[in-house]
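The block underneath contains the structure these notes are about, expressed in C-alpha cells.
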Amino acid sequence: MLEGAPEVSRVFLPRVALQRLLDALAGSGFRCVGPRLKEGVIVYEALTETVALPQGVHDRQAPGECRVEEISSPRQFAWANGPQALKPFLFAPREVLWRVVRDAEGRLAFREVQPDVKPIAVIGVRACDLAALALQDKHFLGGEYPDPAYAKRRENLFIVAVHCSHPAATCFCVSTGDGPRATHGFDIALSELDDGFVAEAGSVRGKVLLDALGCSAAAAEQIAQAEDEIAHAARAQSRRLPGRNLRDALFANLEHPRWEEVAERCLSCGNCTSVCPTCFCSSESEQPSLDGGDAEHSREWDSCFTRGHSYIHGVVVRSDSRTRYRQWLTHKLGSWHEQYGRSGCVGCGRCVTWCPTGIDITEEATAICGGAPL
Amino acid sequence: MNPHLPWEAEVVERIQESPTIFTLRLRLVDEEARKAYRFAPGQFNMVYLYGAGEVPISIASDPQDTNLLGHTIRAVGRVTEGLSRLATGERLGLRGPYGRGWPLAEAEGKDIVVVTGGLGCAPVVGVINYIIMRRERFGRLTVIQGVKHAEELIWRERYAYWNTLPDTQVLLAADHGGPLWPWHVGLVTEVFDQMEIAPERTVAMMCGPEGMMRAAVRNLTERGLAEDSIYLSMERNMQCAIGQCGHCQFGASFICRQGPVFAYFRIKELLGVRGF
C-alpha cells in the first residue's frame with residue numbers, strides 16, 4: 001500500500017488503456033515482460049503489444065498436469081500461473097560470477113564480471129510470487145554478503161501485479177496466507193474485469209505512472225466486483241497445508257513411514273525445486289578456456305534432489321530419494337521458519353503441477369504431520 | 001565488492017604429511033589484503049585451484065601470523081588432488097575467512113579436552129597449537145585422538161611432544177596398532193577412562209566422523225560435562241561459503257555461517273540422523 005495515503009484510490013483502466021501502460025513503461029526505460037501462451041503453457045516473455053497476451057485462455061492444472069484451453073472471454077488474465085515465477089529474472093538460472101586470467105608466469109588475476117542489467121517491468125505477477133520475491137530478497141540481500149547481481153536486478157524491477165481471480169485446482173495460497181490478493185511489493189496492481197481493470201498504485205513511481213494515464217476513478221460497482229472475484233478465488237481453493245508452521249510436526253516425524261512411501265513415487269528429478277519460486281540452491285562450476293589462459297567461474301541453479309548436492313569427500317550424505325524428499329520438505333515447511341521467520345512455501349502449487357508423478361506437497365505434509373490444525 | 005571474488009595467493013611452502021595428506025602454506029599476494037586479513041582458529045578459507053574450482057579448507061596455522069596461512073588437506077577429490085600437485089611458488093585463489101571458530105575466549109581459564117578421530121585432526125591441530133603457545137591462559141589440556149590404522153596418524157612426533165608438556169595429557173588409540181605403536185589399541189572411547197576431568201570447568205572441542213563425535217559426546221556428558229560446554233566442528237558440501245548456495249544446510253543452520261563450530265546443544269536434534 002502507498003505509504004501516507006489515507007486510502008488507496010483506485011482508477012479504472014479500460015482494456016485498450018493497458019497498451020498505454022505498456023507504452024508508458026517502455027517510455028520510462030523498462031523492457032516489458034508479460035505472460036504469453038507458448039507451446040501449451042503460459043510463460044513470461046518480452047511483451048510490447050497487449051494483443052500478445054493470452055486472451056480467452058484458461059489453464060487447467062492438476063497434480064502432474066497442466067493444460068490450457070480456450071474460453072469465450074475477453075479476459076487476458078483468466079488463468080492461475082505458469083511454471084516460471086519472478087525467480088529467473090532476479091536469481092539467474094546460470095551466470096558468471098567472476099573471471100580469472102593466468103599469465104605466462106602462472107600469476108592469476110581475478111576479475112569481477114558485471115551483470116548486464118536492464119530495467120524490467122513484469123506484467124501479471126501474482127500474490128504468491130510477490131510473497132516468494134520477499135523471501136528471496138531476505139535470502140539474497142538480507143545477510144552479511146548481499147548478492148550484487150541479485151541486488152542490481154532487484155533495483156531495476158518494476159512490478160505490475162494482477163490479483164488472482166482464477167486459481168488453479170493446485171493453488172493453496174489462502175492456507176499459506178499469501179493470496180489471492182496482492183497486498184505488498186508491487187508498483188501497480190490490477191483487478192481484471194470483462195471490460196478493463198481496476199488499478200491501484202503500490203509505490204510512488206507506480207502512482208506517477210498511473211496518474212499520467214489520465215484514467216477516471218473506478219466506480220463503486222467496479223470495485224465491488226473486483227473484490228467479489230478475489231473473495232471467490234479464495235473460496236474456490238480446496239487444497240491446504242495442515243498448518244502455517246509445521247516445523248515441530250515435521251522434525252518430530254523424521255522416521256515416518258510416509259517418507260519411504262513418497263520416495264517410491266519420487267523420481268528425484270528436481271522439477272519441484274526448479275519451479276519453486278523460493279528454492280535458492282546453486283552450485284558453482286569452472287569453465288577454463290581451451291588455450292588455458294583464462295577461466296570463468298559460474299553458478300547455476302542446483303537442487304537438493306541431486307546426488308552432488310550432498311557430496312562431501314567421497315560420501316553422499318543423501319544417497320536416496322527418501323532422504324532427499326525429506327530434506328526438501330523439512331526445509332521448505334520447517335527450517336525456513338528458523339532461517340527466515342516464516343514457511344518457505346507460498347502456496348503457488350507449481351511443485352504439484354510440474355511433478356511428473358503428481359506428488360502433492362499438501363497431501364504429503366498432511367500425511368506426515370497428521371493434520372495439525374491451522 | 002563481489003563477495004565471491006578470490007584473492008591471488010602464492011604457495012610459499014608445501015609439506016607432504018602422509019601419502020595423501022599435505023600442507024600448503026599460503027601467502028596473499030596483495031599487500032593490502034594480507035594486512036587486513038584476520039582469522040580465528042576453527043574458521044576456514046575457500047581455496048581455489050585454477051581451472052578446477054574451490055574447496056573449503058580449515059586454517060591450521062596460528063592466527064597471530066596472517067602472512068602465512070596453513071592449510072592441511074587430504075587429496076580425495078578433483079580439486080584437492082590438483083592442489084596436492086602444486087609446487088612452491090605456484091599461484092592459487094583464496095577467500096575468507098568464513099564461519100565461526102572455536103570458543104577460545106570462553107575457554108580461557110578452563111580445562112580443555114580436544115577429541116578427534118579419523119583424519120579429522122587438521123581443524124583441531126590449529127586449536128591445540130594455539131593453546132600450547134598460550135599455555136598459561138588455559139588449564140589442563142587433554143588431547144584424545146582415534147585412528148583406524150596406526151600408520152594413518154600424522155604429526156605423531158607432535159603428539160609425543162605435547163604429552164611431555166606440563167598439565168597436558170595425550171591419549172591416542174588405533175583400532176589396528178602395530179609393532180611400534182606405544183598407545184592404546186582399540187576404540188577411542190576406551191581411552192576416555194584414563195582422562196582426568198573436572199566437568200564443571202572443562203570445555204570440549206571435537207572434530208571428525210560424526211559417529212565418533214556422538215560417542216564422545218555421550219561419554220563426556222556421562223562424566224558430567226554440560227552440553228553447552230561441548231563444541232563440534234561440522235562439515236558438509238559447500239559451494240559459496242557465504243550462506244547462499246544452500247548446500248551446507250544442517251537443519252536450519254548454514255554450516256558456513258553459524259558453524260562450522262557449533263555448541264552441541266544447537267545441533268544435537270539432527271546429529272546422527274542419516275540424511276541431514
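Letters A, B, ... mark the chains of the C-alpha cells in the order given; residue numbers begin at 1 per chain; ligand numbers begin at 1, in order shown.
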Practice task
Determine which residues of stretch 168-363 of chain A receive a DSSP assignment of alpha helix (DSSP H), computed from the backbone, and state them as number ranges by chain.
Solution key: A: 173-176, 204-212, 220-235, 247-251, 257-265, 271-275, 321-330, 336-340, 350-353, 361-363
Per residue of stretch 21-139 of chain B within 8 Å of stretch 202-207 of chain B, note the shortest atom pair and the distance in Å to one decimal, counting only C-alpha atoms, and order the rows by chain and increasing residue number, as CSV.
residue,atom,partner,partner_atom,distance
B:Trp102,CA,B:Met205,CA,7.5
B:Ala107,CA,B:Val203,CA,6.3
B:Lys110,CA,B:Thr202,CA,5.6
B:Asp111,CA,B:Thr202,CA,4.5
B:Ile112,CA,B:Val203,CA,5.1
B:Val113,CA,B:Ala204,CA,4.6
B:Val114,CA,B:Met205,CA,4.9
B:Val115,CA,B:Met206,CA,4.6
B:Thr116,CA,B:Cys207,CA,5.1
B:Gly117,CA,B:Cys207,CA,7.0
B:Gly120,CA,B:Cys207,CA,5.9
B:Cys121,CA,B:Cys207,CA,6.9
B:Pro123,CA,B:Cys207,CA,7.2
B:Val124,CA,B:Cys207,CA,6.9
Would you mind exporting N, CA and C atoms of the selected residues as a compact mmCIF listing (two decimals), in the first residue's frame?
# COMPACT_ATOMS: atom_id res chain seq x y z
N TRP B 102 36.46 -21.76 17.09
CA TRP B 102 36.35 -22.36 18.42
C TRP B 102 36.10 -21.27 19.46
N ALA B 107 36.77 -20.18 26.60
CA ALA B 107 37.53 -21.32 27.13
C ALA B 107 38.72 -20.89 27.97
N LYS B 110 39.89 -22.24 31.53
CA LYS B 110 39.25 -23.54 31.75
C LYS B 110 40.16 -24.68 31.30
N ASP B 111 39.78 -25.90 31.73
CA ASP B 111 40.45 -27.09 31.21
C ASP B 111 39.88 -27.39 29.83
N ILE B 112 40.72 -27.93 28.97
CA ILE B 112 40.30 -28.18 27.60
C ILE B 112 40.47 -29.66 27.27
N VAL B 113 39.42 -30.24 26.67
CA VAL B 113 39.54 -31.59 26.13
C VAL B 113 39.34 -31.49 24.63
N VAL B 114 40.31 -31.95 23.86
CA VAL B 114 40.19 -31.94 22.41
C VAL B 114 40.05 -33.39 21.94
N VAL B 115 38.99 -33.68 21.19
CA VAL B 115 38.77 -35.05 20.72
C VAL B 115 38.71 -35.05 19.20
N THR B 116 39.51 -35.89 18.58
CA THR B 116 39.43 -36.02 17.13
C THR B 116 39.51 -37.48 16.74
N GLY B 117 39.05 -37.73 15.52
CA GLY B 117 39.07 -39.11 15.06
C GLY B 117 39.31 -39.16 13.58
N GLY B 120 40.36 -36.39 10.80
CA GLY B 120 39.78 -35.07 11.05
C GLY B 120 40.58 -34.19 11.97
N CYS B 121 41.87 -34.43 12.08
CA CYS B 121 42.62 -33.71 13.10
C CYS B 121 43.01 -32.29 12.68
N PRO B 123 41.49 -29.43 11.68
CA PRO B 123 40.87 -28.27 12.30
C PRO B 123 41.21 -28.12 13.78
N VAL B 124 41.48 -29.23 14.49
CA VAL B 124 41.79 -29.07 15.91
C VAL B 124 43.27 -28.94 16.19
Handout entry: chain B contacts to chain A at 9 Å (only C-alpha atoms) as a ChimeraX atom specification
Key = /B:1-10,50-54,76-77,90-93,235-240,242-248,251-253,269-270,273-276
Output C-alpha atoms for every residue in the selection just made, as a PDB file, in the first residue's frame.
ATOM      1  CA  MET B   1      32.929  -5.701  -3.828  1.00  0.00           C
ATOM      2  CA  ASN B   2      31.795  -9.052  -5.146  1.00  0.00           C
ATOM      3  CA  PRO B   3      31.862 -11.456  -2.157  1.00  0.00           C
ATOM      4  CA  HIS B   4      32.540 -14.397  -4.475  1.00  0.00           C
ATOM      5  CA  LEU B   5      35.832 -12.982  -5.774  1.00  0.00           C
ATOM      6  CA  PRO B   6      39.026 -14.690  -4.510  1.00  0.00           C
ATOM      7  CA  TRP B   7      42.387 -13.044  -3.922  1.00  0.00           C
ATOM      8  CA  GLU B   8      45.520 -14.373  -5.533  1.00  0.00           C
ATOM      9  CA  ALA B   9      47.721 -16.397  -3.174  1.00  0.00           C
ATOM     10  CA  GLU B  10      51.137 -17.990  -3.526  1.00  0.00           C
ATOM     11  CA  TYR B  50      42.891 -22.565 -11.311  1.00  0.00           C
ATOM     12  CA  GLY B  51      40.583 -24.185 -13.844  1.00  0.00           C
ATOM     13  CA  ALA B  52      39.121 -26.636 -11.325  1.00  0.00           C
ATOM     14  CA  GLY B  53      37.176 -24.862  -8.580  1.00  0.00           C
ATOM     15  CA  GLU B  54      37.021 -24.071  -4.879  1.00  0.00           C
ATOM     16  CA  VAL B  76      40.441 -37.011  -2.057  1.00  0.00           C
ATOM     17  CA  GLY B  77      38.596 -35.235  -4.885  1.00  0.00           C
ATOM     18  CA  GLU B  90      52.637 -21.581  -7.800  1.00  0.00           C
ATOM     19  CA  ARG B  91      49.535 -19.428  -7.571  1.00  0.00           C
ATOM     20  CA  LEU B  92      46.015 -20.185  -6.492  1.00  0.00           C
ATOM     21  CA  GLY B  93      42.971 -18.297  -5.219  1.00  0.00           C
ATOM     22  CA  GLU B 235      31.374 -30.449   7.521  1.00  0.00           C
ATOM     23  CA  ARG B 236      29.002 -30.524   4.571  1.00  0.00           C
ATOM     24  CA  ASN B 237      29.227 -29.772   0.868  1.00  0.00           C
ATOM     25  CA  MET B 238      29.957 -26.096   0.411  1.00  0.00           C
ATOM     26  CA  GLN B 239      29.871 -24.090  -2.794  1.00  0.00           C
ATOM     27  CA  CYS B 240      29.778 -20.434  -1.774  1.00  0.00           C
ATOM     28  CA  ILE B 242      28.578 -17.079   2.294  1.00  0.00           C
ATOM     29  CA  GLY B 243      25.211 -18.595   3.152  1.00  0.00           C
ATOM     30  CA  GLN B 244      23.672 -18.521  -0.302  1.00  0.00           C
ATOM     31  CA  CYS B 245      24.227 -21.792  -2.148  1.00  0.00           C
ATOM     32  CA  GLY B 246      22.189 -23.876   0.312  1.00  0.00           C
ATOM     33  CA  HIS B 247      24.454 -26.917   0.198  1.00  0.00           C
ATOM     34  CA  CYS B 248      25.829 -26.821   3.736  1.00  0.00           C
ATOM     35  CA  GLY B 251      18.581 -28.425   9.521  1.00  0.00           C
ATOM     36  CA  ALA B 252      18.152 -24.674   9.860  1.00  0.00           C
ATOM     37  CA  SER B 253      21.881 -23.985  10.251  1.00  0.00           C
ATOM     38  CA  GLU B 269      18.495 -32.759  17.255  1.00  0.00           C
ATOM     39  CA  LEU B 270      19.829 -33.861  13.870  1.00  0.00           C
ATOM     40  CA  VAL B 273      20.070 -38.701  11.763  1.00  0.00           C
ATOM     41  CA  ARG B 274      21.092 -40.192   8.422  1.00  0.00           C
ATOM     42  CA  GLY B 275      20.438 -37.821   5.519  1.00  0.00           C
ATOM     43  CA  PHE B 276      20.972 -34.452   7.206  1.00  0.00           C
TER      44      PHE B 276
END
Handout entry: d(atom CA of B:Thr80, atom CA of B:Val29) in Å
Key =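 Distance reported for this atom pair: 21.2 Å.
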Exercise for the section: May I have the residues within 8 Å of B:Tyr264 as a PyMOL selection string, using only C-alpha atoms and disregarding those fewer than 6 positions away in the same chain? Expected result: chain B and resi 227-232
Exercise for the section: Please identify which residues in stretch 220-340 of chain A DSSP calls strand (DSSP E or B) from the backbone, and express them as a list in words. Expected result: Ser282, Ser283, Glu284, Ser285, Glu286, Gln287, Pro288, Asp294, Ala295, Glu296, His297, Ser298, Arg299, Glu300, Trp301, Tyr311, Ile312, Val315 and Val316 of chain A
Exercise for the section: Would you mind telling me which residue in A:Gly29, A:Gly56, A:Gly196, A:Gly370 lies nearest to A:Gln222 when using only C-alpha atoms? Expected result: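 Using only C-alpha atoms, A:Gln222 sits closest to A:Gly196.
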Exercise for the section: Show which residues sit within 8 Å of stretch 270-278 of chain A, as a PyMOL selection string. Count only C-alpha atoms, and ignore same-chain residues fewer than 4 positions away. Expected result: chain A and resi 83-87+129+132-133+135-136+301+303-306+344-345+350-352+354-356
Would you kindly return, as a compact mmCIF listing (two decimals) with C-alpha atoms, in the first residue's frame, each protein, DNA or RNA residue with an atom no farther than 9 Å from any atom of stretch 358-361 of chain A, considering only C-alpha atoms and excluding same-chain residues fewer than 2 positions away?
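The new file part-v9.txt reads:
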# COMPACT_ATOMS: atom_id res chain seq x y z
CA ALA A 62 -3.86 -30.91 -11.54
CA PRO A 63 -1.09 -32.96 -9.91
CA GLY A 64 1.35 -33.73 -12.71
CA GLU A 65 -0.78 -31.97 -15.30
CA THR A 170 -3.40 -26.93 -7.37
CA LEU A 241 -1.41 -27.24 4.17
CA VAL A 262 6.67 -40.97 -1.19
CA ARG A 265 6.87 -42.22 -6.31
CA CYS A 266 9.58 -39.52 -6.35
CA LEU A 329 10.07 -30.79 2.72
CA GLY A 349 1.11 -25.12 -6.30
CA CYS A 351 5.56 -28.26 -7.41
CA VAL A 352 2.26 -30.16 -7.51
CA THR A 353 1.51 -29.36 -11.15
CA TRP A 354 5.00 -29.85 -12.53
CA CYS A 355 5.88 -33.05 -10.65
CA PRO A 356 5.96 -35.75 -13.35
CA GLU A 363 -1.07 -34.30 0.77
CA GLU A 364 2.42 -35.36 1.89
CA ALA A 365 2.59 -32.70 4.61
CA THR A 366 -0.84 -33.73 5.87
Exercise for the section: Using atom CA of A:Arg258 and atom CA of A:Cys369 as the two end points, give the distance in Å to one decimal. Expected result: 10.2 Å
Exercise for the section: Write out as a PyMOL selection string which residues come within 8 Å of A:Ile159 when counting only C-alpha atoms, dropping same-chain ones fewer than 3 positions away. Expected result: chain A and resi 121-123+125+185-188
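Atom CA of B:Ser18 to atom CA of B:Gly99 spans 27.7 Å [interatomic distance, one decimal].
Proximity ranking of A:His166, A:Arg10, A:Arg31, A:His232 relative to A:Gln61 places A:His166 first, based on only C-alpha atoms.
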Problem - Nearest candidate to B:Val125 (options B:Gly211, B:Pro260, B:Pro56, B:Pro41; using only C-alpha atoms) - result: B:Pro41
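Among the candidates B:Leu141, B:Val185, B:Leu69, B:Ala122, the one nearest to B:Ser233 when counting only C-alpha atoms is B:Ala122.
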Problem - Top pick for closest residue to A:His184, considering A:Pro35, A:Gly202, A:Pro14, A:Gly214 and counting only C-alpha atoms - result: A:Gly202
